[in-house]
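Colleague: Have a look at this one.
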Amino acid sequence: MDLDRSVPVWPQVADELRRRLDAGKYKPGERFPGTVDIAAEFNVSQSTAQKAVAALRGEGRLYTVLGQGSFVKGDS
């Protein structure tokens, strides 16, 4: 994925992760990739990855278990 660096990057990363969730790449209850992995994949800072994940969490698509990471939220 090519990022447009002339606009904020974290929403672009969040959009791509959202597309993957919508496509079923990550199943409900499955552990979501960590911010270090997301940052490496998209070649962005870890804080950018954290903002993208926080946006998905804010939308109710992910939940976090302290010390274990983020997980895909189911439809229930």
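Residues in the structure tokens are numbered from 1 in each chain, the chains being A, B, ... in the order shown, and ligands are numbered from 1 in the order shown.
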Going by DSSP on the backbone, which bits of chain A are alpha helix (DSSP H)? Write them as a PyMOL selection string, please.
Modeller: chain A and resi 10-22+35-42+46-58
Colleague: Would you mind listing what lies within 12 Å of Thr64 of chain A as a ChimeraX atom specification, with only C-alpha atoms counted and same-chain residues fewer than 4 positions away left out?
Modeller: /A:29-34,53-54,56-58,60,68-73
Colleague: Pull all heavy atoms from the residues just selected and write them as a compact mmCIF listing (two decimals), in the first residue's frame.
Modeller:
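What ended up in out12.txt:
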# COMPACT_ATOMS: atom_id res chain seq x y z
N GLY A 29 -12.47 -12.55 17.80
CA GLY A 29 -11.74 -13.21 18.86
C GLY A 29 -10.26 -13.42 18.57
O GLY A 29 -9.48 -13.73 19.47
N GLU A 30 -9.87 -13.23 17.31
CA GLU A 30 -8.47 -13.41 16.90
C GLU A 30 -7.64 -12.22 17.37
O GLU A 30 -8.08 -11.08 17.37
CB GLU A 30 -8.41 -13.53 15.38
CG GLU A 30 -7.03 -13.78 14.82
CD GLU A 30 -7.04 -13.91 13.30
OE1 GLU A 30 -8.12 -14.13 12.71
OE2 GLU A 30 -5.96 -13.76 12.71
N ARG A 31 -6.39 -12.52 17.74
CA ARG A 31 -5.48 -11.44 18.14
C ARG A 31 -5.14 -10.61 16.92
O ARG A 31 -4.81 -11.13 15.86
CB ARG A 31 -4.20 -12.02 18.75
CG ARG A 31 -3.32 -10.94 19.37
CD ARG A 31 -2.15 -11.60 20.11
NE ARG A 31 -1.38 -10.61 20.83
CZ ARG A 31 -0.50 -9.77 20.28
NH1 ARG A 31 -0.28 -9.82 18.99
NH2 ARG A 31 0.15 -8.91 21.02
N PHE A 32 -5.23 -9.29 17.09
CA PHE A 32 -4.93 -8.35 16.02
C PHE A 32 -3.43 -8.07 16.04
O PHE A 32 -2.80 -8.11 17.11
CB PHE A 32 -5.72 -7.06 16.27
CG PHE A 32 -5.86 -6.18 15.07
CD1 PHE A 32 -6.64 -6.56 13.99
CD2 PHE A 32 -5.22 -4.95 15.01
CE1 PHE A 32 -6.78 -5.75 12.88
CE2 PHE A 32 -5.35 -4.13 13.91
CZ PHE A 32 -6.13 -4.53 12.84
N PRO A 33 -2.83 -7.78 14.90
CA PRO A 33 -1.39 -7.48 14.89
C PRO A 33 -1.06 -6.33 15.85
O PRO A 33 -1.83 -5.37 15.99
CB PRO A 33 -1.11 -7.07 13.44
CG PRO A 33 -2.20 -7.71 12.65
CD PRO A 33 -3.40 -7.71 13.55
N GLY A 34 0.09 -6.43 16.46
CA GLY A 34 0.55 -5.39 17.37
C GLY A 34 1.02 -4.16 16.63
O GLY A 34 1.29 -4.20 15.42
N VAL A 53 -4.80 2.03 15.42
CA VAL A 53 -5.44 0.99 16.23
C VAL A 53 -6.44 1.62 17.21
O VAL A 53 -7.54 1.09 17.41
CB VAL A 53 -4.39 0.13 16.96
CG1 VAL A 53 -5.03 -0.79 18.00
CG2 VAL A 53 -3.59 -0.69 15.95
N ALA A 54 -6.08 2.75 17.79
CA ALA A 54 -6.99 3.45 18.71
C ALA A 54 -8.27 3.86 17.99
O ALA A 54 -9.36 3.80 18.58
CB ALA A 54 -6.30 4.67 19.32
N LEU A 56 -9.71 2.26 15.49
CA LEU A 56 -10.50 1.04 15.32
C LEU A 56 -11.11 0.61 16.65
O LEU A 56 -12.24 0.13 16.70
CB LEU A 56 -9.65 -0.07 14.73
CG LEU A 56 -9.09 0.19 13.33
CD1 LEU A 56 -8.17 -0.94 12.90
CD2 LEU A 56 -10.21 0.38 12.33
N ARG A 57 -10.36 0.79 17.73
CA ARG A 57 -10.89 0.47 19.05
C ARG A 57 -12.05 1.40 19.38
O ARG A 57 -13.08 0.97 19.90
CB ARG A 57 -9.79 0.60 20.10
CG ARG A 57 -10.16 0.01 21.44
CD ARG A 57 -9.04 0.10 22.47
NE ARG A 57 -7.74 -0.30 21.96
CZ ARG A 57 -6.69 0.52 21.81
NH1 ARG A 57 -6.78 1.80 22.13
NH2 ARG A 57 -5.55 0.07 21.36
N GLY A 58 -11.90 2.68 19.04
CA GLY A 58 -12.95 3.66 19.28
C GLY A 58 -14.22 3.38 18.50
O GLY A 58 -15.32 3.74 18.93
N GLY A 60 -15.27 0.43 18.03
CA GLY A 60 -15.80 -0.82 18.55
C GLY A 60 -15.42 -2.04 17.75
O GLY A 60 -16.01 -3.10 17.90
N GLN A 68 -1.99 -8.50 26.92
CA GLN A 68 -2.15 -9.54 25.90
C GLN A 68 -2.28 -8.99 24.49
O GLN A 68 -2.01 -9.68 23.53
CB GLN A 68 -3.37 -10.41 26.22
CG GLN A 68 -3.22 -11.21 27.49
CD GLN A 68 -4.40 -12.12 27.73
OE1 GLN A 68 -5.17 -12.42 26.82
NE2 GLN A 68 -4.56 -12.55 28.94
N GLY A 69 -2.76 -7.76 24.36
CA GLY A 69 -2.87 -7.15 23.04
C GLY A 69 -4.30 -6.83 22.67
O GLY A 69 -5.21 -6.87 23.50
N SER A 70 -4.48 -6.52 21.40
CA SER A 70 -5.81 -6.18 20.87
C SER A 70 -6.39 -7.38 20.14
O SER A 70 -5.65 -8.16 19.53
CB SER A 70 -5.71 -5.00 19.91
OG SER A 70 -5.33 -3.84 20.62
N PHE A 71 -7.71 -7.48 20.20
CA PHE A 71 -8.43 -8.60 19.59
C PHE A 71 -9.59 -8.07 18.78
O PHE A 71 -10.12 -7.00 19.06
CB PHE A 71 -8.95 -9.56 20.68
CG PHE A 71 -7.84 -10.22 21.45
CD1 PHE A 71 -7.24 -9.56 22.51
CD2 PHE A 71 -7.37 -11.46 21.08
CE1 PHE A 71 -6.20 -10.16 23.23
CE2 PHE A 71 -6.34 -12.07 21.79
CZ PHE A 71 -5.76 -11.41 22.87
N VAL A 72 -9.98 -8.85 17.78
CA VAL A 72 -11.10 -8.47 16.91
C VAL A 72 -12.39 -8.73 17.67
O VAL A 72 -12.60 -9.83 18.20
CB VAL A 72 -11.06 -9.27 15.60
CG1 VAL A 72 -12.25 -8.91 14.71
CG2 VAL A 72 -9.75 -9.05 14.88
N LYS A 73 -13.22 -7.71 17.71
CA LYS A 73 -14.50 -7.82 18.38
C LYS A 73 -15.49 -8.49 17.46
O LYS A 73 -15.54 -8.22 16.27
CB LYS A 73 -15.00 -6.43 18.77
CG LYS A 73 -16.03 -6.43 19.83
CD LYS A 73 -16.25 -5.01 20.33
CE LYS A 73 -17.17 -5.02 21.52
NZ LYS A 73 -17.37 -3.65 22.02
Colleague: Rounded to one decimal place, report the atom CA of Ala14 of chain A-atom CA of Lys27 of chain A distance in Å.
Modeller: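 Between these atoms lies a distance of 17.1 Å.
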Colleague: Would you give me, as a count of residues only, the residues in chain A that DSSP reads as strand (DSSP E or B)?
Modeller: 9
Colleague: Quick one: of A:Ala55, A:Met1, A:Ala39, A:Ala49, who's nearest to Glu16 of chain A, counting only C-alpha atoms?
Modeller: A:Met1
Colleague: Looking at only C-alpha atoms, which of A:Arg5, A:Thr35, A:Pro28, A:Thr48 is the one that sits closest to Tyr63 of chain A?
Modeller: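 Residue with the minimum atom-to-atom distance to Tyr63 of chain A: A:Pro28.
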Colleague: For atom CA of Lys51 of chain A and atom CA of Asp37 of chain A, quote the distance in Å rounded to one decimal.
Modeller: 13.9 Å
Colleague: Between A:Gly74, A:Glu41, A:Gly67, A:Ser47, which is the closest to Leu17 of chain A once you count only C-alpha atoms?
Modeller: A:Glu41
